[in-house]
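File shown: upload30.pdb (PDB, C-alpha atoms).
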```pdb
MODEL        1
ATOM      1  CA  MET A 409      74.846  54.580  64.798
ATOM      2  CA  SER A 410      75.375  55.414  61.140
ATOM      3  CA  SER A 411      76.850  58.796  60.228
ATOM      4  CA  PHE A 412      75.427  61.315  57.737
ATOM      5  CA  ASN A 413      78.076  60.414  55.159
ATOM      6  CA  THR A 414      77.959  56.638  55.318
ATOM      7  CA  TYR A 415      81.326  56.161  53.616
ATOM      8  CA  THR A 416      82.969  57.166  56.902
ATOM      9  CA  ASP A 417      81.450  54.142  58.652
ATOM     10  CA  ALA A 418      83.709  51.820  56.633
ATOM     11  CA  LEU A 419      86.939  53.740  57.299
ATOM     12  CA  ASP A 420      89.213  54.588  60.203
ATOM     13  CA  MET A 421      88.562  58.332  60.105
ATOM     14  CA  ALA A 422      90.526  58.868  63.351
ATOM     15  CA  PHE A 423      93.705  58.173  61.392
ATOM     16  CA  LEU A 424      92.902  60.907  58.853
ATOM     17  CA  ARG A 425      91.797  63.288  61.609
ATOM     18  CA  ASP A 426      95.071  62.767  63.480
ATOM     19  CA  LEU A 427      97.030  63.285  60.259
ATOM     20  CA  CYS A 428      95.240  66.604  59.656
ATOM     21  CA  ILE A 429      95.807  67.800  63.196
ATOM     22  CA  ARG A 430      99.485  66.774  63.108
ATOM     23  CA  GLU A 431     100.334  68.062  59.607
ATOM     24  CA  GLY A 432      97.831  70.900  59.219
ATOM     25  CA  MET A 433      96.929  74.183  60.849
ATOM     26  CA  ILE A 434      93.659  75.389  62.324
ATOM     27  CA  ARG A 435      91.743  77.899  60.225
ATOM     28  CA  HIS A 436      88.498  79.739  60.913
ATOM     29  CA  PHE A 437      85.942  79.924  58.097
ATOM     30  CA  TYR A 438      83.101  82.414  58.344
ATOM     31  CA  ARG A 439      79.657  81.370  57.179
ATOM     32  CA  GLY A 440      79.561  81.673  53.380
ATOM     33  CA  GLU A 441      83.340  81.533  52.975
ATOM     34  CA  CYS A 442      84.587  79.028  50.379
ATOM     35  CA  LEU A 443      87.122  76.304  50.938
ATOM     36  CA  VAL A 444      87.163  75.950  47.129
ATOM     37  CA  ARG A 445      84.934  77.033  44.228
ATOM     38  CA  HIS A 446      83.734  75.037  41.245
ATOM     39  CA  GLY A 447      86.469  74.963  38.602
ATOM     40  CA  GLU A 448      89.340  75.693  41.005
ATOM     41  CA  ARG A 449      92.042  73.237  41.976
ATOM     42  CA  LEU A 450      91.856  71.822  45.470
ATOM     43  CA  ARG A 451      94.821  73.062  47.499
ATOM     44  CA  TYR A 452      93.699  71.941  50.979
ATOM     45  CA  TRP A 453      91.535  69.310  52.601
ATOM     46  CA  GLY A 454      90.782  69.130  56.268
ATOM     47  CA  TYR A 455      89.176  67.879  59.420
ATOM     48  CA  ILE A 456      86.188  69.905  60.642
ATOM     49  CA  GLU A 457      86.634  70.576  64.341
ATOM     50  CA  SER A 458      83.386  72.575  64.566
ATOM     51  CA  GLY A 459      80.737  73.800  62.143
ATOM     52  CA  TYR A 460      79.881  72.236  58.802
ATOM     53  CA  PHE A 461      80.247  72.748  55.052
ATOM     54  CA  LYS A 462      77.872  72.333  52.143
ATOM     55  CA  TYR A 463      78.738  71.130  48.663
ATOM     56  CA  SER A 464      76.709  72.799  45.920
ATOM     57  CA  VAL A 465      76.396  73.465  42.201
ATOM     58  CA  TYR A 466      74.318  75.939  40.229
ATOM     59  CA  ASP A 467      71.775  74.876  37.605
ATOM     60  CA  LYS A 468      71.074  76.634  34.288
ATOM     61  CA  GLU A 469      68.751  79.110  36.005
ATOM     62  CA  VAL A 470      71.510  79.880  38.544
ATOM     63  CA  ASN A 471      69.656  78.186  41.402
ATOM     64  CA  GLU A 472      71.950  76.686  44.003
ATOM     65  CA  ARG A 473      71.563  72.905  44.305
ATOM     66  CA  ILE A 474      73.062  71.339  47.417
ATOM     67  CA  THR A 475      74.800  68.071  46.616
ATOM     68  CA  GLY A 476      76.125  67.140  50.055
ATOM     69  CA  PHE A 477      77.392  68.147  53.466
ATOM     70  CA  ALA A 478      80.519  67.632  55.540
ATOM     71  CA  MET A 479      79.669  67.786  59.232
ATOM     72  CA  SER A 480      81.706  68.536  62.343
ATOM     73  CA  GLY A 481      83.988  65.621  63.160
ATOM     74  CA  THR A 482      84.437  64.622  59.509
ATOM     75  CA  MET A 483      86.733  65.403  56.607
ATOM     76  CA  VAL A 484      86.111  68.156  54.058
ATOM     77  CA  GLY A 485      87.549  68.217  50.553
ATOM     78  CA  ASP A 486      87.013  66.632  47.146
ATOM     79  CA  TYR A 487      88.394  63.134  46.664
ATOM     80  CA  LEU A 488      88.250  63.090  42.859
ATOM     81  CA  SER A 489      89.946  66.452  42.552
ATOM     82  CA  LEU A 490      92.591  65.371  45.033
ATOM     83  CA  THR A 491      93.374  62.018  43.443
ATOM     84  CA  ARG A 492      93.096  63.078  39.799
ATOM     85  CA  GLN A 493      94.476  66.592  40.299
ATOM     86  CA  THR A 494      91.542  68.054  38.369
ATOM     87  CA  PRO A 495      89.346  71.103  39.060
ATOM     88  CA  VAL A 496      86.637  70.694  41.679
ATOM     89  CA  SER A 497      83.097  70.066  40.380
ATOM     90  CA  THR A 498      81.277  71.722  43.294
ATOM     91  CA  ASN A 499      81.531  74.726  45.571
ATOM     92  CA  ILE A 500      82.553  73.785  49.116
ATOM     93  CA  VAL A 501      81.263  76.523  51.414
ATOM     94  CA  ALA A 502      81.085  76.959  55.192
ATOM     95  CA  ALA A 503      77.392  76.701  56.064
ATOM     96  CA  GLN A 504      78.150  78.199  59.479
ATOM     97  CA  ASP A 505      81.229  79.600  61.179
ATOM     98  CA  SER A 506      83.640  76.662  61.275
ATOM     99  CA  GLU A 507      87.044  75.648  62.606
ATOM    100  CA  VAL A 508      89.005  73.347  60.289
ATOM    101  CA  TYR A 509      92.434  71.744  60.498
ATOM    102  CA  LEU A 510      93.641  72.363  56.937
ATOM    103  CA  CYS A 511      96.254  70.162  55.349
ATOM    104  CA  SER A 512      97.946  70.482  51.974
ATOM    105  CA  VAL A 513      96.584  68.052  49.390
ATOM    106  CA  SER A 514     100.151  66.812  48.867
ATOM    107  CA  VAL A 515     100.093  65.248  52.355
ATOM    108  CA  LEU A 516      97.132  63.023  51.476
ATOM    109  CA  GLN A 517      98.332  62.431  47.894
ATOM    110  CA  ASN A 518     101.665  61.144  49.245
ATOM    111  CA  LEU A 519      99.899  58.961  51.801
ATOM    112  CA  LEU A 520      97.618  57.465  49.133
ATOM    113  CA  ASP A 521     100.683  56.712  46.994
ATOM    114  CA  GLU A 522     102.458  55.076  49.954
ATOM    115  CA  VAL A 523      99.402  53.090  51.107
ATOM    116  CA  PRO A 524      97.479  51.934  48.008
ATOM    117  CA  MET A 525      94.995  50.003  50.164
ATOM    118  CA  LEU A 526      93.888  53.316  51.716
ATOM    119  CA  ARG A 527      93.204  54.697  48.219
ATOM    120  CA  THR A 528      91.223  51.565  47.372
ATOM    121  CA  SER A 529      89.257  51.678  50.642
ATOM    122  CA  LEU A 530      88.372  55.359  50.203
ATOM    123  CA  ALA A 531      87.325  54.893  46.577
ATOM    124  CA  ASP A 532      85.262  51.796  47.408
ATOM    125  CA  ALA A 533      83.468  53.469  50.319
ATOM    126  CA  LEU A 534      82.726  56.627  48.314
ATOM    127  CA  PHE A 535      81.490  54.617  45.333
ATOM    128  CA  HIS A 536      79.235  52.538  47.571
ATOM    129  CA  GLN A 537      77.645  55.651  49.092
ATOM    130  CA  ALA A 538      77.220  57.334  45.685
ATOM    131  CA  TYR A 539      75.654  54.218  44.170
ATOM    132  CA  LEU A 540      73.164  53.815  47.016
ATOM    133  CA  GLN A 541      72.221  57.512  46.820
ATOM    134  CA  TYR A 542      71.741  57.194  43.060
ATOM    135  CA  LEU A 543      69.451  54.175  43.513
ATOM    136  CA  GLU A 544      67.528  56.008  46.230
ATOM    137  CA  MET A 545      67.077  58.988  43.916
ATOM    138  CA  LEU A 546      65.830  56.755  41.097
ATOM    139  CA  MET A 547      63.367  55.046  43.420
ATOM    140  CA  SER A 548      61.987  58.386  44.608
ATOM    141  CA  VAL A 549      61.508  59.466  40.970
ATOM    142  CA  CYS A 550      59.632  56.227  40.277
ATOM    143  CA  VAL A 551      57.440  56.535  43.363
ATOM    144  CA  PHE A 552      56.696  60.270  43.225
ATOM    145  CA  SER A 553      56.872  61.113  39.523
ATOM    146  CA  TYR A 554      55.423  57.974  38.007
ATOM    147  CA  ASN A 555      53.536  56.569  40.969
ATOM    148  CA  PHE A 556      55.279  53.188  40.652
ATOM    149  CA  ALA A 557      55.723  51.133  43.784
ATOM    150  CA  PRO A 558      59.298  50.158  44.619
ATOM    151  CA  TYR A 559      60.101  46.550  43.743
ATOM    152  CA  SER A 560      60.149  45.494  47.391
ATOM    153  CA  GLU A 561      56.581  46.764  47.870
ATOM    154  CA  ALA A 562      55.332  45.230  44.632
ATOM    155  CA  VAL A 563      56.357  41.684  45.539
TER     156      VAL A 563
ENDMDL
END
```
Please go through the file and, once you have read it, give me the structure as structure tokens.
Amino acid sequence: MSSFNTYTDALDMAFLRDLCIREGMIRHFYRGECLVRHGERLRYWGYIESGYFKYSVYDKEVNERITGFAMSGTMVGDYLSLTRQTPVSTNIVAAQDSEVYLCSVSVLQNLLDEVPMLRTSLADALFHQAYLQYLEMLMSVCVFSYNFAPYSEAV
């Protein structure tokens, strides 16, 4: 069965989970508490033991727009911020009380430097999911906004 975040289907997430549990420490997040806010540097990533997190941004009218979720049993963090050492583009907030094994970003950065194939696999899987979601979004705009049938239905 496919997971919510399909990029995890192509990766051995047990390895990353075990790394977080071994190198990190358990931390409780209350609902609404931030792992990291937009514009901040990512200091920790983690494995969600229980609960879940939402990724969100705010539009010009200051309406929250949810861009993704990290569910129990998956990793939470921001890959681009971690690998490029840049500020995070979203808020990552506990959507319910959650238990997370937090690990310093340096642990994963070092691992990605030592195992370049892991970096490539993560980037490829994340790109694949983002591309498919982008295409899905475009198709829904065509169908609902312009009343065009998707190509597969038009043939």
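Close contacts of Glu507 of chain A, defined as residues with an atom at most 12 Å away when counting only C-alpha atoms, with chain neighbours fewer than 5 positions off set aside, comprise Ile429, Met433, Ile434, Arg435, His436, Phe437, Tyr438, Arg439, Glu441, Leu443, Gly454, Tyr455, Ile456, Glu457, Ser458, Gly459, Tyr460, Phe461, Met479, Ser480, Gly481, Thr482, Met483, Val484 and Ala502 of chain A.
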Worksheet item: Quick one: residues within 8 Å of Cys442 of chain A, only C-alpha atoms counted, chain neighbours fewer than 6 positions away excluded, as a PyMOL selection string?
Response: chain A and resi 499-502
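Reported to one decimal place, the separation of atom CA of Ile474 of chain A from atom CA of Cys511 of chain A is 24.5 Å.
With all atoms listed in the file taken into account, the protein and nucleic acid residues at most 8 Å from Arg449 of chain A (excluding it and anything under 2 positions from it in its own chain) are Val444, Gly447, Arg451, Ser489, Gln493, Thr494, Pro495 and Val496 of chain A.
Between atom CA of Thr475 of chain A and atom CA of Asp505 of chain A there is a distance of 19.7 Å.
Note that the spacing between atom CA of Ser506 of chain A and atom CA of Ser529 of chain A amounts to 27.7 Å.
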Discussion item. Here is a test: counting only C-alpha atoms, which residue of A:Tyr539, A:Tyr452, A:Arg445, A:Arg430 is nearest to Tyr466 of chain A?
Written reply: A:Arg445
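Proximity to Arg425 of chain A was assessed for A:Trp453, A:Glu472, A:Leu526, A:Gln517 counting all atoms listed in the file; the smallest distance is recorded for A:Trp453.
In terms of minimum interatomic distance to Gly476 of chain A, A:Ala503 ranks closest within A:Leu450, A:Ala422, A:Ala503, A:Leu488, counting all atoms listed in the file.
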Worksheet item: Which residue out of A:Leu490, A:Val465, A:Gly485, A:Val470 has the minimum interatomic distance to Leu519 of chain A when all atoms listed in the file are used?
Response: A:Leu490
Item to complete: For each of A:Phe423, A:Asn471, A:Ala478, A:Glu544, take the minimum atom-to-atom distance to Leu516 of chain A, counting only C-alpha atoms, then give the residue where this is smallest.
Response: A:Phe423
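Taking all atoms listed in the file into account, Ser464 of chain A lies nearest to A:Phe477 out of the set A:Glu448, A:Phe477, A:Cys428, A:Ser512.
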Given 8 Å of margin on each side, can you work out the centre and size in Å (one decimal) of an axis-aligned box holding every listed atom of segment 441-446 of chain A, as AutoDock Vina command-line options?
```
--center_x 85.3 --center_y 78.3 --center_z 47.1 --size_x 19.8 --size_y 22.5 --size_z 27.7
```
Step by step: locate segment 443-560 of chain A in the block above, keep C-alpha atoms, then write the file as a compact mmCIF listing (two decimals), in the first residue's frame.
```
# COMPACT_ATOMS: atom_id res chain seq x y z
CA LEU A 443 9.66 22.46 14.73
CA VAL A 444 10.85 25.39 12.58
CA ARG A 445 9.31 28.59 11.18
CA HIS A 446 9.54 30.03 7.69
CA GLY A 447 12.83 31.92 7.32
CA GLU A 448 14.63 30.08 10.14
CA ARG A 449 17.49 27.66 9.68
CA LEU A 450 16.71 24.01 10.23
CA ARG A 451 18.57 22.76 13.30
CA TYR A 452 16.85 19.37 13.73
CA TRP A 453 15.07 16.76 11.67
CA GLY A 454 13.40 13.71 13.07
CA TYR A 455 11.36 10.56 13.06
CA ILE A 456 7.73 10.97 14.16
CA GLU A 457 6.95 8.26 16.69
CA SER A 458 3.37 9.50 17.18
CA GLY A 459 1.27 12.42 15.98
CA TYR A 460 1.81 14.37 12.77
CA PHE A 461 3.06 17.71 11.45
CA LYS A 462 1.78 20.09 8.81
CA TYR A 463 3.86 22.20 6.46
CA SER A 464 2.31 25.58 5.67
CA VAL A 465 2.89 29.04 4.23
CA TYR A 466 0.88 32.24 4.44
CA ASP A 467 -0.47 34.04 1.37
CA LYS A 468 -0.65 37.82 0.85
CA GLU A 469 -3.91 38.01 2.80
CA VAL A 470 -2.26 36.10 5.68
CA ASN A 471 -4.34 32.97 5.08
CA GLU A 472 -2.56 29.78 6.03
CA ARG A 473 -2.03 27.44 3.06
CA ILE A 474 -1.11 23.86 3.92
CA THR A 475 1.56 22.53 1.59
CA GLY A 476 2.07 19.06 3.05
CA PHE A 477 2.04 16.70 6.00
CA ALA A 478 4.49 14.42 7.77
CA MET A 479 2.63 11.54 9.41
CA SER A 480 3.46 9.22 12.29
CA GLY A 481 6.09 6.70 11.23
CA THR A 482 7.78 9.10 8.80
CA MET A 483 10.51 11.72 8.82
CA VAL A 484 9.94 15.41 9.49
CA GLY A 485 12.23 18.20 8.33
CA ASP A 486 13.09 20.16 5.20
CA TYR A 487 15.40 18.47 2.71
CA LEU A 488 16.33 21.59 0.74
CA SER A 489 17.13 23.57 3.85
CA LEU A 490 19.16 20.68 5.20
CA THR A 491 21.19 20.04 2.06
CA ARG A 492 21.67 23.65 0.99
CA GLN A 493 21.91 25.09 4.51
CA THR A 494 19.36 27.76 3.63
CA PRO A 495 16.35 29.11 5.56
CA VAL A 496 13.22 26.97 5.55
CA SER A 497 10.47 28.02 3.11
CA THR A 498 7.55 26.71 5.19
CA ASN A 499 6.38 26.50 8.78
CA ILE A 500 6.58 22.96 10.17
CA VAL A 501 4.05 22.73 12.99
CA ALA A 502 2.72 19.88 15.14
CA ALA A 503 -0.88 19.36 14.02
CA GLN A 504 -1.51 17.32 17.17
CA ASP A 505 0.51 16.42 20.24
CA SER A 506 3.47 14.48 18.86
CA GLU A 507 6.51 12.50 19.97
CA VAL A 508 9.56 12.93 17.73
CA TYR A 509 13.09 11.55 17.83
CA LEU A 510 15.04 14.71 16.99
CA CYS A 511 18.46 14.54 15.43
CA SER A 512 20.88 17.34 14.63
CA VAL A 513 20.96 18.23 10.94
CA SER A 514 24.73 17.64 11.01
CA VAL A 515 24.10 13.90 11.49
CA LEU A 516 22.18 13.64 8.21
CA GLN A 517 24.44 16.15 6.41
CA ASN A 518 27.48 14.01 7.29
CA LEU A 519 25.69 10.84 6.19
CA LEU A 520 24.70 12.41 2.85
CA ASP A 521 28.33 13.46 2.32
CA GLU A 522 29.57 9.95 3.15
CA VAL A 523 26.92 8.17 1.04
CA PRO A 524 26.30 10.25 -2.11
CA MET A 525 23.90 7.62 -3.47
CA LEU A 526 21.59 8.30 -0.50
CA ARG A 527 21.58 12.02 -1.40
CA THR A 528 20.78 11.14 -5.01
CA SER A 529 18.02 8.69 -4.02
CA LEU A 530 16.38 11.20 -1.66
CA ALA A 531 16.54 14.02 -4.21
CA ASP A 532 15.19 11.79 -7.00
CA ALA A 533 12.29 10.50 -4.89
CA LEU A 534 11.36 13.98 -3.67
CA PHE A 535 11.56 15.42 -7.19
CA HIS A 536 9.38 12.62 -8.54
CA GLN A 537 6.69 13.26 -5.92
CA ALA A 538 6.81 17.05 -6.44
CA TYR A 539 6.58 16.69 -10.22
CA LEU A 540 3.58 14.36 -10.04
CA GLN A 541 1.82 16.68 -7.57
CA TYR A 542 2.50 19.64 -9.86
CA LEU A 543 1.03 17.78 -12.85
CA GLU A 544 -1.98 16.75 -10.76
CA MET A 545 -2.51 20.37 -9.73
CA LEU A 546 -2.31 21.55 -13.34
CA MET A 547 -4.80 18.91 -14.44
CA SER A 548 -7.26 19.93 -11.73
CA VAL A 549 -6.97 23.57 -12.86
CA CYS A 550 -7.69 22.50 -16.44
CA VAL A 551 -10.65 20.33 -15.47
CA PHE A 552 -12.26 22.61 -12.87
CA SER A 553 -11.28 26.11 -13.98
CA TYR A 554 -11.40 25.73 -17.73
CA ASN A 555 -13.61 22.68 -18.06
CA PHE A 556 -11.04 20.89 -20.24
CA ALA A 557 -10.98 17.11 -20.14
CA PRO A 558 -7.65 15.55 -19.19
CA TYR A 559 -5.74 14.17 -22.17
CA SER A 560 -6.44 10.58 -21.17
```
